[in-house]
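Q: Supplied structure: structure_22.json, JSON, C-alpha atoms.
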[["chain", "number", "residue", "atom", "x", "y", "z"],
["A", 123, "MET", "CA", 40.38, -10.00, 5.26],
["A", 124, "SER", "CA", 38.19, -8.34, 7.88],
["A", 125, "THR", "CA", 38.04, -4.70, 8.82],
["A", 126, "SER", "CA", 35.73, -5.11, 11.80],
["A", 127, "ALA", "CA", 38.55, -5.39, 14.32],
["A", 128, "ARG", "CA", 40.37, -2.31, 13.12],
["A", 129, "PRO", "CA", 40.11, 0.77, 15.37],
["A", 130, "ARG", "CA", 37.74, 3.44, 14.17],
["A", 131, "ARG", "CA", 39.32, 6.81, 13.48],
["A", 132, "ARG", "CA", 36.12, 8.80, 13.76],
["A", 133, "ILE", "CA", 32.36, 8.61, 14.10],
["A", 134, "PHE", "CA", 30.24, 9.27, 11.02],
["A", 135, "MET", "CA", 29.35, 12.90, 11.67],
["A", 136, "PRO", "CA", 26.09, 13.09, 9.67],
["A", 137, "PHE", "CA", 24.90, 9.70, 10.94],
["A", 138, "ALA", "CA", 21.79, 11.24, 12.50],
["A", 139, "LEU", "CA", 20.73, 12.29, 9.02],
["A", 140, "ILE", "CA", 21.00, 8.76, 7.75],
["A", 141, "THR", "CA", 19.26, 7.11, 10.69],
["A", 142, "SER", "CA", 16.43, 9.63, 10.78],
["A", 143, "ALA", "CA", 15.65, 9.41, 7.08],
["A", 144, "THR", "CA", 17.39, 6.05, 6.51],
["A", 145, "LEU", "CA", 18.42, 4.39, 3.30],
["A", 146, "LEU", "CA", 16.15, 2.50, 0.98],
["A", 147, "LEU", "CA", 17.43, -1.06, 0.79],
["A", 148, "THR", "CA", 15.24, -2.78, -1.68],
["A", 149, "ALA", "CA", 15.82, -4.80, -4.74],
["A", 150, "CYS", "CA", 18.39, -3.14, -6.88],
["A", 151, "GLY", "CA", 20.11, 0.13, -7.72],
["A", 152, "SER", "CA", 21.18, 2.20, -10.67],
["A", 153, "GLY", "CA", 24.38, 3.18, -12.34],
["A", 154, "ASP", "CA", 25.07, 5.07, -15.50],
["A", 155, "SER", "CA", 24.44, 3.63, -18.91],
["A", 156, "ASN", "CA", 27.95, 2.28, -19.34],
["A", 157, "GLY", "CA", 28.02, 0.59, -15.99],
["A", 158, "THR", "CA", 30.33, 2.96, -14.12],
["A", 159, "GLY", "CA", 27.88, 3.59, -11.34],
["A", 160, "GLY", "CA", 26.03, 6.80, -12.14],
["A", 161, "SER", "CA", 28.08, 9.82, -11.09],
["A", 162, "GLY", "CA", 25.07, 12.04, -11.71],
["A", 163, "THR", "CA", 23.37, 10.51, -8.70],
["A", 164, "ALA", "CA", 26.25, 11.27, -6.39],
["A", 165, "GLN", "CA", 26.56, 14.81, -7.69],
["A", 166, "ALA", "CA", 22.87, 15.46, -7.21],
["A", 167, "ALA", "CA", 22.94, 14.05, -3.71],
["A", 168, "ALA", "CA", 26.04, 15.95, -2.69],
["A", 169, "GLY", "CA", 24.65, 19.21, -3.99],
["A", 170, "SER", "CA", 21.86, 19.48, -1.41],
["A", 171, "ASP", "CA", 20.55, 17.73, 1.66],
["A", 172, "LYS", "CA", 17.01, 18.81, 0.82],
["A", 173, "ILE", "CA", 14.47, 16.39, -0.62],
["A", 174, "PRO", "CA", 13.59, 17.37, -4.22],
["A", 175, "THR", "CA", 10.06, 18.79, -4.37],
["A", 176, "THR", "CA", 9.72, 19.74, -8.04],
["A", 177, "ASP", "CA", 6.22, 18.84, -9.23],
["A", 178, "VAL", "CA", 6.63, 16.70, -12.33],
["A", 179, "VAL", "CA", 3.33, 14.82, -12.08],
["A", 180, "SER", "CA", 0.24, 16.95, -11.46],
["A", 181, "SER", "CA", 0.00, 18.38, -15.00],
["A", 182, "ILE", "CA", 0.20, 15.00, -16.76],
["A", 183, "PRO", "CA", -2.93, 14.54, -18.93],
["A", 184, "LYS", "CA", -4.91, 11.33, -19.25],
["A", 185, "ASP", "CA", -4.06, 9.26, -22.31],
["A", 186, "GLU", "CA", -7.21, 7.65, -23.67],
["A", 187, "THR", "CA", -5.35, 5.01, -25.67],
["A", 188, "ALA", "CA", -3.53, 3.71, -22.60],
["A", 189, "ALA", "CA", -6.61, 4.05, -20.36],
["A", 190, "LYS", "CA", -8.66, 1.84, -22.69],
["A", 191, "LEU", "CA", -6.33, -1.04, -21.84],
["A", 192, "LEU", "CA", -7.50, -1.04, -18.23],
["A", 193, "PRO", "CA", -9.94, -3.77, -17.18],
["A", 194, "SER", "CA", -13.54, -2.55, -17.22],
["A", 195, "GLY", "CA", -14.60, -0.65, -14.12],
["A", 196, "VAL", "CA", -11.13, 0.14, -12.77],
["A", 197, "SER", "CA", -11.09, 3.73, -11.48],
["A", 198, "SER", "CA", -8.84, 3.47, -8.42],
["A", 199, "LEU", "CA", -6.03, 1.21, -7.20],
["A", 200, "THR", "CA", -4.10, 0.68, -3.97],
["A", 201, "VAL", "CA", -0.32, 0.80, -4.28],
["A", 202, "ALA", "CA", 1.98, -0.55, -1.57],
["A", 203, "ILE", "CA", 5.18, 1.41, -1.04],
["A", 204, "SER", "CA", 8.04, 0.57, 1.29],
["A", 205, "VAL", "CA", 8.93, 3.66, 3.33],
["A", 206, "GLY", "CA", 12.26, 4.26, 4.97],
["A", 207, "GLY", "CA", 14.50, 5.76, 2.38],
["A", 208, "THR", "CA", 16.49, 8.77, 1.40],
["A", 209, "PRO", "CA", 16.23, 10.13, -2.12],
["A", 210, "PRO", "CA", 15.67, 8.57, -4.57],
["A", 211, "GLY", "CA", 14.02, 6.08, -2.18],
["A", 212, "THR", "CA", 10.68, 6.69, -0.52],
["A", 213, "THR", "CA", 10.49, 8.93, 2.51],
["A", 214, "TYR", "CA", 8.17, 11.54, 4.02],
["A", 215, "LEU", "CA", 8.19, 15.26, 3.42],
["A", 216, "ASP", "CA", 8.49, 17.60, 6.39],
["A", 217, "ASP", "CA", 4.77, 17.30, 7.11],
["A", 218, "GLY", "CA", 5.39, 13.70, 8.19],
["A", 219, "LYS", "CA", 2.56, 12.30, 6.09],
["A", 220, "THR", "CA", 3.25, 13.00, 2.41],
["A", 221, "LEU", "CA", 5.22, 10.26, 0.68],
["A", 222, "THR", "CA", 7.85, 11.23, -1.85],
["A", 223, "GLY", "CA", 10.50, 9.48, -3.89],
["A", 224, "GLN", "CA", 11.21, 8.19, -7.37],
["A", 225, "ASP", "CA", 8.87, 5.19, -7.03],
["A", 226, "VAL", "CA", 6.07, 7.46, -5.78],
["A", 227, "ASP", "CA", 6.49, 9.82, -8.72],
["A", 228, "PHE", "CA", 6.45, 6.99, -11.26],
["A", 229, "ALA", "CA", 3.37, 5.39, -9.70],
["A", 230, "ASP", "CA", 1.54, 8.72, -9.56],
["A", 231, "ALA", "CA", 2.58, 9.56, -13.12],
["A", 232, "VAL", "CA", 1.17, 6.27, -14.40],
["A", 233, "GLY", "CA", -2.01, 6.92, -12.45],
["A", 234, "LYS", "CA", -2.40, 10.31, -14.17],
["A", 235, "VAL", "CA", -1.83, 8.80, -17.63],
["A", 236, "LEU", "CA", -4.48, 6.15, -16.95],
["A", 237, "GLY", "CA", -6.88, 8.57, -15.28],
["A", 238, "ILE", "CA", -7.18, 6.55, -12.07],
["A", 239, "ARG", "CA", -6.92, 7.47, -8.39],
["A", 240, "LEU", "CA", -4.15, 5.88, -6.35],
["A", 241, "LYS", "CA", -4.26, 5.15, -2.64],
["A", 242, "HIS", "CA", -0.77, 4.95, -1.16],
["A", 243, "GLU", "CA", -0.23, 2.34, 1.55],
["A", 244, "ALA", "CA", 3.03, 2.27, 3.49],
["A", 245, "ALA", "CA", 4.21, -1.31, 3.99],
["A", 246, "GLY", "CA", 7.29, -3.29, 4.95],
["A", 247, "PHE", "CA", 9.30, -4.20, 1.88],
["A", 248, "GLU", "CA", 9.38, -7.93, 2.58],
["A", 249, "ALA", "CA", 5.61, -7.98, 3.14],
["A", 250, "ILE", "CA", 4.51, -6.44, -0.16],
["A", 251, "LEU", "CA", 5.05, -9.22, -2.69],
["A", 252, "PRO", "CA", 3.34, -11.94, -0.60],
["A", 253, "ALA", "CA", 0.35, -9.62, -0.06],
["A", 254, "LEU", "CA", -0.28, -9.04, -3.76],
["A", 255, "ASP", "CA", -1.80, -12.47, -4.30],
["A", 256, "SER", "CA", -4.30, -11.93, -1.48],
["A", 257, "GLY", "CA", -5.55, -8.72, -3.06],
["A", 258, "LYS", "CA", -4.52, -6.56, -0.13],
["A", 259, "TYR", "CA", -2.72, -4.32, -2.59],
["A", 260, "ASP", "CA", -3.30, -3.93, -6.33],
["A", 261, "PHE", "CA", 0.39, -3.40, -7.04],
["A", 262, "GLY", "CA", 3.69, -2.59, -5.40],
["A", 263, "ALA", "CA", 6.10, 0.23, -6.22],
["A", 264, "SER", "CA", 9.26, -0.19, -4.17],
["A", 265, "ASN", "CA", 12.20, -0.61, -6.52],
["A", 266, "PHE", "CA", 11.46, -4.30, -7.05],
["A", 267, "GLY", "CA", 14.14, -5.97, -9.11],
["A", 268, "VAL", "CA", 12.93, -8.35, -11.80],
["A", 269, "THR", "CA", 14.44, -11.79, -11.20],
["A", 270, "ASP", "CA", 13.58, -15.17, -12.71],
["A", 271, "GLU", "CA", 12.73, -16.44, -9.23],
["A", 272, "ARG", "CA", 10.24, -13.63, -8.62],
["A", 273, "ARG", "CA", 8.70, -13.99, -12.08],
["A", 274, "ARG", "CA", 7.39, -17.40, -11.10],
["A", 275, "THR", "CA", 4.83, -15.80, -8.79],
["A", 276, "ILE", "CA", 4.83, -12.09, -9.67],
["A", 277, "ASP", "CA", 4.18, -10.09, -12.85],
["A", 278, "PHE", "CA", 6.23, -6.96, -13.48],
["A", 279, "VAL", "CA", 5.99, -3.85, -15.64],
["A", 280, "THR", "CA", 9.43, -2.28, -15.90],
["A", 281, "TYR", "CA", 10.13, 1.43, -15.52],
["A", 282, "VAL", "CA", 13.87, 1.76, -14.72],
["A", 283, "ASN", "CA", 17.05, -0.28, -14.94],
["A", 284, "ASP", "CA", 19.01, -0.68, -11.74],
["A", 285, "GLY", "CA", 21.71, -2.70, -10.08],
["A", 286, "GLN", "CA", 23.22, -4.15, -6.94],
["A", 287, "GLY", "CA", 26.27, -2.58, -5.37],
["A", 288, "PHE", "CA", 28.57, -2.46, -2.36],
["A", 289, "ALA", "CA", 29.83, 0.15, 0.12],
["A", 290, "ALA", "CA", 32.22, -0.06, 3.05],
["A", 291, "ARG", "CA", 33.98, 2.08, 5.64],
["A", 292, "ASP", "CA", 36.74, 4.16, 4.16],
["A", 293, "ASP", "CA", 39.35, 2.26, 6.18],
["A", 294, "SER", "CA", 38.37, -0.97, 4.45],
["A", 295, "LYS", "CA", 40.91, -2.59, 2.11],
["A", 296, "LEU", "CA", 38.07, -3.69, -0.18],
["A", 297, "GLY", "CA", 38.05, -2.19, -3.64],
["A", 298, "LYS", "CA", 35.79, -2.96, -6.58],
["A", 299, "VAL", "CA", 33.80, -6.12, -5.81],
["A", 300, "THR", "CA", 33.42, -8.26, -8.92],
["A", 301, "ASP", "CA", 33.39, -11.70, -7.27],
["A", 302, "LEU", "CA", 31.70, -12.80, -4.06],
["A", 303, "ARG", "CA", 34.90, -14.59, -3.11],
["A", 304, "GLN", "CA", 36.28, -11.16, -2.28],
["A", 305, "LEU", "CA", 33.85, -11.14, 0.66],
["A", 306, "CYS", "CA", 35.05, -14.40, 2.21],
["A", 307, "GLY", "CA", 35.44, -14.08, 5.97],
["A", 308, "LEU", "CA", 33.58, -10.76, 6.11],
["A", 309, "ASN", "CA", 30.26, -9.72, 7.64],
["A", 310, "VAL", "CA", 27.92, -8.42, 4.93],
["A", 311, "ALA", "CA", 24.91, -6.31, 5.94],
["A", 312, "THR", "CA", 21.82, -6.06, 3.75],
["A", 313, "GLY", "CA", 18.04, -5.73, 3.81],
["A", 314, "ALA", "CA", 15.74, -8.61, 4.69],
["A", 315, "GLY", "CA", 13.68, -10.07, 1.84],
["A", 316, "THR", "CA", 15.75, -8.39, -0.88],
["A", 317, "THR", "CA", 17.51, -9.68, -3.97],
["A", 318, "PHE", "CA", 20.73, -8.76, -2.17],
["A", 319, "GLU", "CA", 19.99, -11.31, 0.53],
["A", 320, "ALA", "CA", 19.11, -13.91, -2.12],
["A", 321, "THR", "CA", 22.29, -13.22, -4.11],
["A", 322, "LEU", "CA", 24.47, -13.49, -1.04],
["A", 323, "GLU", "CA", 22.82, -16.65, 0.25],
["A", 324, "ASP", "CA", 22.94, -18.32, -3.15],
["A", 325, "GLY", "CA", 26.63, -17.53, -3.51],
["A", 326, "LYS", "CA", 27.80, -18.53, -0.05],
["A", 327, "SER", "CA", 29.39, -21.76, -1.20],
["A", 328, "VAL", "CA", 31.96, -19.96, -3.36],
["A", 329, "CYS", "CA", 34.07, -19.36, -0.28],
["A", 330, "THR", "CA", 34.00, -22.87, 1.16],
["A", 331, "ASP", "CA", 34.50, -24.32, -2.33],
["A", 332, "ALA", "CA", 37.68, -22.26, -2.51],
["A", 333, "GLY", "CA", 38.79, -23.45, 0.92],
["A", 334, "LYS", "CA", 38.07, -20.10, 2.53],
["A", 335, "LYS", "CA", 35.90, -19.01, 5.45],
["A", 336, "ALA", "CA", 32.34, -18.20, 4.32],
["A", 337, "TYR", "CA", 31.10, -14.65, 4.63],
["A", 338, "LYS", "CA", 28.25, -14.02, 7.07],
["A", 339, "VAL", "CA", 25.01, -12.47, 5.78],
["A", 340, "GLN", "CA", 23.51, -10.04, 8.28],
["A", 341, "THR", "CA", 19.94, -9.02, 7.42],
["A", 342, "TYR", "CA", 18.00, -6.10, 8.87],
["A", 343, "SER", "CA", 14.40, -4.98, 8.45],
["A", 344, "GLU", "CA", 15.22, -1.41, 9.50],
["A", 345, "PRO", "CA", 17.55, 0.24, 6.98],
["A", 346, "GLY", "CA", 19.09, 2.54, 9.59],
["A", 347, "ALA", "CA", 20.26, -0.51, 11.51],
["A", 348, "ILE", "CA", 22.38, -1.55, 8.54],
["A", 349, "TRP", "CA", 24.42, 1.64, 8.69],
["A", 350, "SER", "CA", 24.62, 1.45, 12.47],
["A", 351, "SER", "CA", 26.07, -2.04, 12.11],
["A", 352, "LEU", "CA", 28.69, -0.78, 9.65],
["A", 353, "GLN", "CA", 29.50, 2.25, 11.80],
["A", 354, "GLN", "CA", 29.97, 0.19, 14.94],
["A", 355, "GLY", "CA", 32.14, -2.41, 13.22],
["A", 356, "ARG", "CA", 29.70, -5.32, 13.42],
["A", 357, "SER", "CA", 29.57, -5.36, 9.61],
["A", 358, "ASP", "CA", 32.39, -4.94, 7.10],
["A", 359, "VAL", "CA", 30.44, -4.15, 3.96],
["A", 360, "VAL", "CA", 26.91, -3.22, 2.86],
["A", 361, "MET", "CA", 25.14, -4.56, -0.22],
["A", 362, "SER", "CA", 22.26, -2.43, -1.50],
["A", 363, "THR", "CA", 21.00, -0.24, -4.34],
["A", 364, "ILE", "CA", 23.53, 1.79, -6.26],
["A", 365, "ASN", "CA", 21.48, 4.99, -5.95],
["A", 366, "GLY", "CA", 20.92, 4.50, -2.24],
["A", 367, "LEU", "CA", 24.56, 3.70, -1.55],
["A", 368, "ARG", "CA", 25.79, 6.72, -3.46],
["A", 369, "TYR", "CA", 23.39, 8.99, -1.59],
["A", 370, "ALA", "CA", 24.52, 7.59, 1.76],
["A", 371, "VAL", "CA", 28.19, 7.97, 0.89],
["A", 372, "ALA", "CA", 27.61, 11.58, -0.19],
["A", 373, "HIS", "CA", 25.95, 12.39, 3.15],
["A", 374, "GLN", "CA", 28.08, 10.72, 5.77],
["A", 375, "GLU", "CA", 31.79, 10.66, 6.47],
["A", 376, "GLY", "CA", 33.81, 7.50, 6.80],
["A", 377, "VAL", "CA", 32.15, 5.41, 4.07],
["A", 378, "LYS", "CA", 32.95, 4.80, 0.43],
["A", 379, "PHE", "CA", 31.11, 3.39, -2.55],
["A", 380, "LEU", "CA", 32.91, 0.31, -3.84],
["A", 381, "SER", "CA", 31.27, -0.78, -7.08],
["A", 382, "GLU", "CA", 28.23, -1.88, -8.99],
["A", 383, "TYR", "CA", 27.84, -5.66, -8.94],
["A", 384, "HIS", "CA", 24.82, -6.77, -10.99],
["A", 385, "ARG", "CA", 22.23, -4.95, -13.12],
["A", 386, "LEU", "CA", 18.51, -5.62, -12.84],
["A", 387, "ASP", "CA", 15.37, -4.21, -14.40],
["A", 388, "VAL", "CA", 13.00, -2.66, -11.88],
["A", 389, "GLY", "CA", 9.24, -2.85, -12.21],
["A", 390, "PHE", "CA", 5.84, -2.33, -10.69],
["A", 391, "ALA", "CA", 4.87, -5.63, -9.09],
["A", 392, "PHE", "CA", 1.49, -7.36, -9.55],
["A", 393, "LYS", "CA", -0.02, -10.71, -8.69],
["A", 394, "LYS", "CA", 0.60, -13.34, -11.33],
["A", 395, "GLY", "CA", -1.80, -13.14, -14.25],
["A", 396, "THR", "CA", -2.82, -9.54, -13.66],
["A", 397, "LYS", "CA", -4.84, -7.80, -16.35],
["A", 398, "LEU", "CA", -3.39, -4.43, -15.36],
["A", 399, "ALA", "CA", 0.01, -4.99, -16.95],
["A", 400, "PRO", "CA", -0.75, -3.89, -20.55],
["A", 401, "ALA", "CA", -2.20, -0.58, -19.37],
["A", 402, "PHE", "CA", 0.73, 0.12, -17.07],
["A", 403, "GLN", "CA", 3.20, -0.75, -19.82],
["A", 404, "ALA", "CA", 1.46, 1.62, -22.22],
["A", 405, "ALA", "CA", 1.44, 4.35, -19.56],
["A", 406, "VAL", "CA", 5.19, 4.05, -18.90],
["A", 407, "ASN", "CA", 5.90, 4.14, -22.63],
["A", 408, "LYS", "CA", 3.70, 7.23, -22.95],
["A", 409, "LEU", "CA", 5.74, 8.94, -20.21],
["A", 410, "ILE", "CA", 8.95, 8.03, -22.05],
["A", 411, "ALA", "CA", 7.62, 9.38, -25.34],
["A", 412, "ASP", "CA", 6.35, 12.73, -24.00],
["A", 413, "GLY", "CA", 9.46, 13.56, -21.96],
["A", 414, "THR", "CA", 7.89, 13.25, -18.49],
["A", 415, "TYR", "CA", 9.97, 10.15, -17.85],
["A", 416, "ASP", "CA", 13.22, 12.09, -18.24],
["A", 417, "LYS", "CA", 11.93, 14.84, -15.94],
["A", 418, "ILE", "CA", 11.31, 12.34, -13.16],
["A", 419, "LEU", "CA", 14.77, 10.81, -13.50],
["A", 420, "LYS", "CA", 16.43, 14.23, -13.54],
["A", 421, "LYS", "CA", 14.51, 15.25, -10.42],
["A", 422, "TRP", "CA", 15.95, 12.29, -8.50],
["A", 423, "GLY", "CA", 19.40, 12.31, -10.09],
["A", 424, "THR", "CA", 18.99, 8.88, -11.66],
["A", 425, "THR", "CA", 19.25, 9.51, -15.39],
["A", 426, "GLY", "CA", 21.62, 6.55, -15.69],
["A", 427, "SER", "CA", 18.68, 4.28, -14.81],
["A", 428, "ALA", "CA", 16.68, 5.14, -17.94],
["A", 429, "ILE", "CA", 15.15, 2.44, -20.12],
["A", 430, "GLU", "CA", 14.15, 2.79, -23.77],
["A", 431, "LYS", "CA", 10.80, 1.04, -23.40],
["A", 432, "SER", "CA", 8.77, -0.72, -20.74],
["A", 433, "GLN", "CA", 8.46, -4.51, -20.76],
["A", 434, "ILE", "CA", 6.17, -6.99, -19.07],
["A", 435, "SER", "CA", 8.09, -9.52, -16.95],
["A", 436, "PRO", "CA", 11.27, -9.67, -19.04],
["A", 437, "PRO", "CA", 13.87, -12.36, -18.25],
["A", 438, "GLU", "CA", 16.36, -11.47, -15.53],
["A", 439, "LEU", "CA", 19.38, -9.58, -16.80],
["A", 440, "LYS", "CA", 22.49, -11.72, -16.70],
["A", 441, "GLY", "CA", 26.11, -10.73, -16.30]]
Starting from the file, lay out its structure as structure tokens.
A:
Amino acid sequence: MSTSARPRRRIFMPFALITSATLLLTACGSGDSNGTGGSGTAQAAAGSDKIPTTDVVSSIPKDETAAKLLPSGVSSLTVAISVGGTPPGTTYLDDGKTLTGQDVDFADAVGKVLGIRLKHEAAGFEAILPALDSGKYDFGASNFGVTDERRRTIDFVTYVNDGQGFAARDDSKLGKVTDLRQLCGLNVATGAGTTFEATLEDGKSVCTDAGKKAYKVQTYSEPGAIWSSLQQGRSDVVMSTINGLRYAVAHQEGVKFLSEYHRLDVGFAFKKGTKLAPAFQAAVNKLIADGTYDKILKKWGTTGSAIEKSQISPPELKG
């Protein structure tokens, strides 16, 4: 079943909004706590086109207990952040230079708890994890999903729970996607270097094993190109973060959110064997305990992504 050959009834009217700010296509996305997809996110996104600017970080005090867990001499760190998103993903404020987004707020909040200065470095998503081992960046904060494959070479400190999901044009016959065999014969657009790409590539054989035509994985480094591909009929479906998909659907006509597919924990990423992890874990747990954590999630409309406590490199969520 392919929708790419079907005539388009209309152009996506707010498409300029999506391509100018673009959609964060990273490692995973969020839904609500019972797995229905997080209606709070869609409601928050639909309520306003403006980027949330509530300051939930600057007044956070240093926590001496957490700070003592830092390696001796650490007073500043460089964090790599993938830019090219709409809320809750990372984008720029109107000044064109100030980064904002859920990952930015969580990184800055941890920095305040630990009493350290953070230098933000914009980087391509697929380039961040390989650069951690070289020391180019001290850690990455770009909605990195915790997978068993990544845990072999990367350490994580979790701060939200997220998931993978699908969206399509509203003239698509696709409904809730629970099995990759539903994608057989379709063109699936996603971000390069993401868990979405890995999931799709790993599952390709399900179609041929069932005697069906394999789906085609189309990867893009520029998030806006993904939506352009869907709009122009070169792609039939998009796989990305739940939060990002819901925001996009709320801001452009002609697309619909299909379903959440797979949940993942999301964490700050470090080179393997880092000594920073215990301090970061303690800082996230401090934010959860004092209520700042909830304020950040409410700001970005992602309360369904909340976790009860931070973990260091937990096993990949299954099911």
Q: When you count only C-alpha atoms, which of these residues is closest to Leu439 of chain A: A:Cys306, A:Gly223, A:Ala229, A:Asp387?
A: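 Using only C-alpha atoms, the shortest distance to Leu439 of chain A belongs to A:Asp387.
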Q: Extract, using only C-alpha atoms, all DNA, RNA and protein residues at most 12 Å from Arg272 of chain A, discarding same-chain residues fewer than 2 positions from it, and format them as an mmCIF file with C-alpha atoms, in the coordinates of the input.
A:
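Result went into selection.cif, see below:
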data_model
loop_
_atom_site.group_PDB
_atom_site.id
_atom_site.type_symbol
_atom_site.label_atom_id
_atom_site.label_comp_id
_atom_site.auth_asym_id
_atom_site.auth_seq_id
_atom_site.Cartn_x
_atom_site.Cartn_y
_atom_site.Cartn_z
ATOM 1 C CA ALA A 149 15.820 -4.800 -4.740
ATOM 2 C CA LEU A 251 5.050 -9.220 -2.690
ATOM 3 C CA PRO A 252 3.340 -11.940 -0.600
ATOM 4 C CA PHE A 266 11.460 -4.300 -7.050
ATOM 5 C CA GLY A 267 14.140 -5.970 -9.110
ATOM 6 C CA VAL A 268 12.930 -8.350 -11.800
ATOM 7 C CA THR A 269 14.440 -11.790 -11.200
ATOM 8 C CA ASP A 270 13.580 -15.170 -12.710
ATOM 9 C CA ARG A 274 7.390 -17.400 -11.100
ATOM 10 C CA THR A 275 4.830 -15.800 -8.790
ATOM 11 C CA ILE A 276 4.830 -12.090 -9.670
ATOM 12 C CA ASP A 277 4.180 -10.090 -12.850
ATOM 13 C CA PHE A 278 6.230 -6.960 -13.480
ATOM 14 C CA GLY A 315 13.680 -10.070 1.840
ATOM 15 C CA THR A 316 15.750 -8.390 -0.880
ATOM 16 C CA THR A 317 17.510 -9.680 -3.970
ATOM 17 C CA ALA A 320 19.110 -13.910 -2.120
ATOM 18 C CA VAL A 388 13.000 -2.660 -11.880
ATOM 19 C CA GLY A 389 9.240 -2.850 -12.210
ATOM 20 C CA ALA A 391 4.870 -5.630 -9.090
ATOM 21 C CA PHE A 392 1.490 -7.360 -9.550
ATOM 22 C CA LYS A 393 -0.020 -10.710 -8.690
ATOM 23 C CA LYS A 394 0.600 -13.340 -11.330
ATOM 24 C CA SER A 435 8.090 -9.520 -16.950
ATOM 25 C CA PRO A 436 11.270 -9.670 -19.040
ATOM 26 C CA PRO A 437 13.870 -12.360 -18.250
ATOM 27 C CA GLU A 438 16.360 -11.470 -15.530
#
Q: To one decimal in Å, tell me the separation between atom CA of Lys421 of chain A and atom CA of Asp216 of chain A.
A: 18.0 Å
Q: For each of A:Val406, A:Phe288, A:Asp293, A:Thr312, take the minimum atom-to-atom distance to Asp227 of chain A, counting all atoms listed in the file, then give the residue where this is smallest.
A: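 When distances to Asp227 of chain A are compared using all atoms listed in the file, the smallest one comes from A:Val406.
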Q: Under the rule that only C-alpha atoms are counted, which of A:Thr363, A:Thr330, A:Thr213, A:Gln224 is the nearest residue to Val179 of chain A?
A: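 Among the listed residues, the smallest separation from Val179 of chain A belongs to A:Gln224.
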Q: Would you mind reading off the distance between atom CA of Glu323 of chain A and atom CA of Gly366 of chain A, one decimal, in Å?
A: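 Atom CA of Gly366 of chain A lies at a distance of 21.4 Å from atom CA of Glu323 of chain A.
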Q: Find the residue from A:Asn365, A:Ser327, A:Asn283, A:Asn407 that sits nearest to Asp185 of chain A; use all atoms listed in the file when measuring.
A: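 Distance minimum relative to Asp185 of chain A lands on A:Asn407.
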Q: Between atom CA of Ala404 of chain A and atom CA of Ala188 of chain A, measure the distance and give it in Å to one decimal.
A: 5.4 Å
Q: Tell me which of A:Ser198, A:Thr321, A:Ser362, A:Thr424 sits closest to Gly285 of chain A, counting all atoms listed in the file.
A: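 So, comparing all the options, the nearest one is A:Ser362.
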Q: Report as JSON, numbers by chain all protein, DNA and RNA residues lying within 12 Å of Val201 of chain A, evaluated on only C-alpha atoms, omitting residues in the same chain fewer than 6 positions from it.
A: {"A": [225, 226, 228, 229, 230, 232, 233, 238, 239, 240, 241, 242, 243, 244, 245, 250, 251, 253, 254, 257, 258, 259, 260, 261, 262, 263, 264, 390, 391, 392]}
Q: Give the answer as one residue: which of A:Val205, A:Ser432, A:Ser343, A:Ile348 has the shortest atom-to-atom distance to Gly218 of chain A, using all atoms listed in the file?
A: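 Looking only at the distances to Gly218 of chain A, the closest residue turns out to be A:Val205.
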Q: Find the axis-aligned box for segment 280-294 of chain A, covering all its listed atoms and adding 4 Å on each side, and write its centre and edge lengths in Å to one decimal as AutoDock Vina command-line options.
A:
--center_x 24.4 --center_y 0.0 --center_z -4.9 --size_x 37.9 --size_y 16.3 --size_z 30.1
